[in-house]
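Below: the structure, in structure tokens.
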Amino acid sequence: MSSPAKRPPPPPHIQQEYRRRFLRSVLLGGLAVGGALSGWLPLARAHEARLRPPGALDEADFLASCIKCGQCVQVCPVKAIVLGDITEGFGVGVPHIDGRAQACDFSCDAVQCILACPTGALTHTLSKKEEVRMGLARLDKPDACLARQGAGFKGQARGGTFPGIHRYEKVDRWKPIPIADHPYDLELCDLCVRECPIEGAIRLVPMSDDSADRRRTPDVTEKCVGCGMCEMICPTEPAAIVVDARKKWGAA
Amino acid sequence: MSLIQSLAIMLGREPSKPRPEEYSDAARAIHEAKRAHKVNKEELAAIAAEQHEAHKNHTWRNRRWLTLVVINLMFVLSYRFDVQLIEGALTASRVIGFHFADLNSALQVTLAFKTILINLIIGTSTVLFLWWLLGGRTFCSWVCPYHLLAEWAEALHLKLAARKLVKDHVLHRRTRVVMYLIFAALAFGSGYTVFETISPTGILSRALIYGPSLALGIVAVLLAVEVVYSRRMWCRYMCPIGITYAVVGAVSPVRVVYRPEACHHEGACRKVCLVPHVLDMTKKGFAPDDRNGIGADCTRCGLCVDVCPTGSLKYEVKGLDKLL
């Protein structure tokens with residue numbers, strides 16, 4: 001290699017081109033980095049928690065370790081898991097669940113998303129749905145709750161056009177079907193309890209000592225895993241019961 | 001060319017003519033014979049005709065495009081028809097059950113998470129071996145979906161440039177090194193794989209498999225800039241994935257080899273090349289040896305092999321010609 005120091009300095013117009021090239025590089029490189037950062041800033045502010053797939057590590061660790069491949073999306077039988085887009089501010093390509101639109105109902109039986117995760121962002125220490133903690137259900141609008149009014153429910157839980165699906169063990173043990181294809185006729189609405197995939201996570205408690213009083217209130221217990229099934233199935237609009245993403249039992 | 005030189009040029013050093021003592025005897029003999037021989041008019045006309053023919057040859061490009069489309073289609077079809085052949089996306093996948101992880105994505109996750117993940121080690125070692133064998137940046141031109149779109153954008157850019165409607169603005173090649181360090185530091189500092197937000201490779205791969213996303217806007221902006229302002233800007237000057245794979249493929253057995261003997265030195269290869277600095281040795285009198293492996297930055301795209309009218313640039317599997 002010849003030493004650059006021995007060469008005479010390049011003519012002025014070349015030197016000017018070098019300067020321009022440098023400025024271009026800084027400007028365009030800066031724009032690219034800025035563009036990438038714009039996807040991270042909303043995450044850094046973390047203004048709103050999101051329901052993450054079963055087994056997700058704490059949010060900071062989850063965001064760090066997710067490799068954004070979508071293998072969890074691919075194995076989910078009810079397609080509850082969706083990947084975040086650039087406008088949502090929750091990480092491009094990072095998976096989340098919108099419980100009201102399509103909850104995780106554990107139709108896969110063995111937390112398949114956790115098994116599929118190549119990095120352990122969905123922790124491999126879990127193997128049963130009962131061990132999952134995605135969030136906690138909470139009765140958000142007690143006045144809207146049909147059970148609290150002593151009211152029954154007849155018809156399709158979310159109307160005829162709702163695309164959400166759910167596995168009804170009595171209909172088909174293996175295949176989830178549209179909720180719209182499974183109308184109900186209930187004397188007292190107990191959909192949140194009836195369709196909850198975790199035994200004992202939610203129950204209906206009488207609202208008075210009067211045995212003739214049909215009114216019941218949903219009571220969420222420590223067993224709740226926060227899958228969002230109750231939120232999806234709740235027939236009131238908006239849902240009377242919702243899941244607080246990432247919330248832990250006993251936390252304020 | 002030494003490995004150090006090859007890596008230094010990949011990282012942005014300008015290639016230069018070898019020092020006199022760096023030439024092999026064989027190369028010296030070839031260069032001297034060429035200096036002694038004056039090319040006459042008939043020969044020049046023959047060279048021009050040859051070159052014209054060679055520009056119609058797209059053998060390797062077509063093979064490569066087919067491979068790229070088939071690989072990406074396999075991801076898409078595996079998911080759509082649930083055949084479980086290649087699950088996941090280009091960032092990480094399972095190929096008939098075996099973990100595969102993109103080296104750059106795995107590196108970003110490791111920096112952000114600050115933990116060595118056993119599955120990622122398994123996934124990356126398979127991929128590491130594969131790309132060491134096939135040549136690191138082979139990933140870029142034979143697999144990366146953005147590369148294909150960028151090639152079409154480049155064709156458009158060249159058409160517009162020929163009509164003087166646009167002009168190529170080169171960037172400093174070290175921009176890519178700086179961006180590599182910035183994105184590594186950002187992953188480490190923020191605990192989030194910041195690069196993935198802008199990575200057109202990841203965005204395109206996921207969009208193909210899981211459906212279109214607004215993030216495709218980033219890809220569109222990059223392509224637009226490449227058409228009107230700076231030819232192949234992302235792959236040439238910015239993408240950190242290129243550096244990761246260039247390092248992996250620096251000593252690959254699969255490579256493009258340059259033999260100066262029959263070469264006319266018209267430089268058609270350097271004009272089609274994404275990384276023309278690796279072809280500096282094709283200038284008259286620059287080749288230090290009679291057989292020269294092309295440098296680490298080479299994506300093994302084969303455009304130079306297609307365009308070369310004399311067969312001076314060829315794919316080679318190191319050692320295989322000795323076995324056969």
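Chain labels A, B, ... are given in the sequence in which chains occur in the structure tokens; within each chain residues are numbered consecutively from 1, and ligands are likewise numbered from 1 in the order shown.
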* To do: Name the residues in contact with A:Pro95 at a cut-off of 8 Å, using only C-alpha atoms, excluding same-chain residues fewer than 3 positions from it; report them as a PyMOL selection string.
  => chain A and resi 52-53+68+70+72-73+81-84
* B:Leu274 surroundings by only C-alpha atoms, 12 Å radius, close-in-sequence under 2 positions cut, as number ranges by chain -> B: 137, 140-141, 147, 150-151, 154, 231-237, 242, 269-272, 276-279, 297-304
* To do: Quote the spacing between atom CA of A:Asp58 and atom CA of A:Leu136 in Å to one decimal place.
  => 14.8 Å
* Taking the chain letters and numbering used in this document, name the residues of stretch 127-228 of chain B that DSSP puts in alpha helix (DSSP H), as a VMD selection string. => chain B and resid 127 to 134 138 to 142 145 to 162 175 to 190 195 to 198 200 to 210 216 to 228
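Nearest residue to chain A, choosing from B:Val95, B:Ala89, B:Leu160, B:Leu7 and counting only C-alpha atoms: B:Ala89.
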* Asked: Using only C-alpha atoms, which chain A residues lie at most 8 Å away from chain B, written as a PyMOL selection string?
  -> chain A and resi 1-2+21-22+24-26+29+32-33+35-37+39-40+60-61+63-71+74+85-87+91-93+118-120
* If you count only C-alpha atoms, which residues fall within 10 Å of stretch 266-268 of chain B, apart from same-chain ones fewer than 5 positions away, as number ranges by chain? -> B: 47-48, 51, 54-55, 273, 276, 279-280, 282-284, 303-304, 307-309
Could those residues be written to a file, using N, CA and C atoms, as a short mmCIF file (atom, residue, chain, number, x, y, z; two decimals), in the first residue's frame?
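Contents of result12.cif, as written:
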```
data_model
loop_
_atom_site.label_atom_id
_atom_site.label_comp_id
_atom_site.auth_asym_id
_atom_site.auth_seq_id
_atom_site.Cartn_x
_atom_site.Cartn_y
_atom_site.Cartn_z
N ILE B 47 -13.44 -6.41 -28.57
CA ILE B 47 -13.74 -6.28 -27.14
C ILE B 47 -15.10 -5.62 -26.94
N ALA B 48 -15.37 -4.55 -27.71
CA ALA B 48 -16.65 -3.85 -27.59
C ALA B 48 -17.81 -4.78 -27.91
N GLN B 51 -18.34 -7.31 -25.18
CA GLN B 51 -18.94 -6.68 -24.01
C GLN B 51 -20.43 -6.48 -24.23
N ALA B 54 -22.01 -9.69 -23.61
CA ALA B 54 -21.97 -10.06 -22.19
C ALA B 54 -23.06 -9.34 -21.40
N HIS B 55 -23.41 -8.13 -21.83
CA HIS B 55 -24.44 -7.38 -21.09
C HIS B 55 -25.81 -8.03 -21.20
N CYS B 273 -21.29 -3.55 -10.04
CA CYS B 273 -21.08 -4.08 -8.69
C CYS B 273 -21.67 -3.18 -7.61
N PRO B 276 -18.04 -1.86 -5.51
CA PRO B 276 -16.97 -1.90 -6.51
C PRO B 276 -15.56 -1.87 -5.92
N LEU B 279 -13.52 -4.87 -6.36
CA LEU B 279 -13.05 -5.19 -7.71
C LEU B 279 -11.94 -4.25 -8.16
N ASP B 280 -11.35 -3.52 -7.24
CA ASP B 280 -10.27 -2.59 -7.58
C ASP B 280 -9.13 -3.30 -8.30
N THR B 282 -9.25 -5.37 -10.54
CA THR B 282 -9.47 -5.63 -11.97
C THR B 282 -8.95 -4.48 -12.83
N LYS B 283 -8.50 -3.40 -12.18
CA LYS B 283 -7.86 -2.33 -12.97
C LYS B 283 -6.54 -2.85 -13.51
N LYS B 284 -6.13 -2.31 -14.63
CA LYS B 284 -4.93 -2.81 -15.29
C LYS B 284 -3.69 -2.67 -14.39
N LEU B 303 -23.21 -10.59 -10.53
CA LEU B 303 -23.41 -9.64 -11.63
C LEU B 303 -22.13 -9.47 -12.43
N CYS B 304 -20.97 -9.46 -11.74
CA CYS B 304 -19.69 -9.31 -12.43
C CYS B 304 -19.36 -10.56 -13.24
N VAL B 307 -21.41 -10.31 -16.38
CA VAL B 307 -21.08 -9.22 -17.32
C VAL B 307 -19.68 -9.39 -17.92
N CYS B 308 -18.84 -10.22 -17.29
CA CYS B 308 -17.46 -10.34 -17.77
C CYS B 308 -17.41 -11.10 -19.10
N PRO B 309 -16.91 -10.44 -20.17
CA PRO B 309 -16.91 -11.10 -21.47
C PRO B 309 -15.79 -12.13 -21.63
#
```
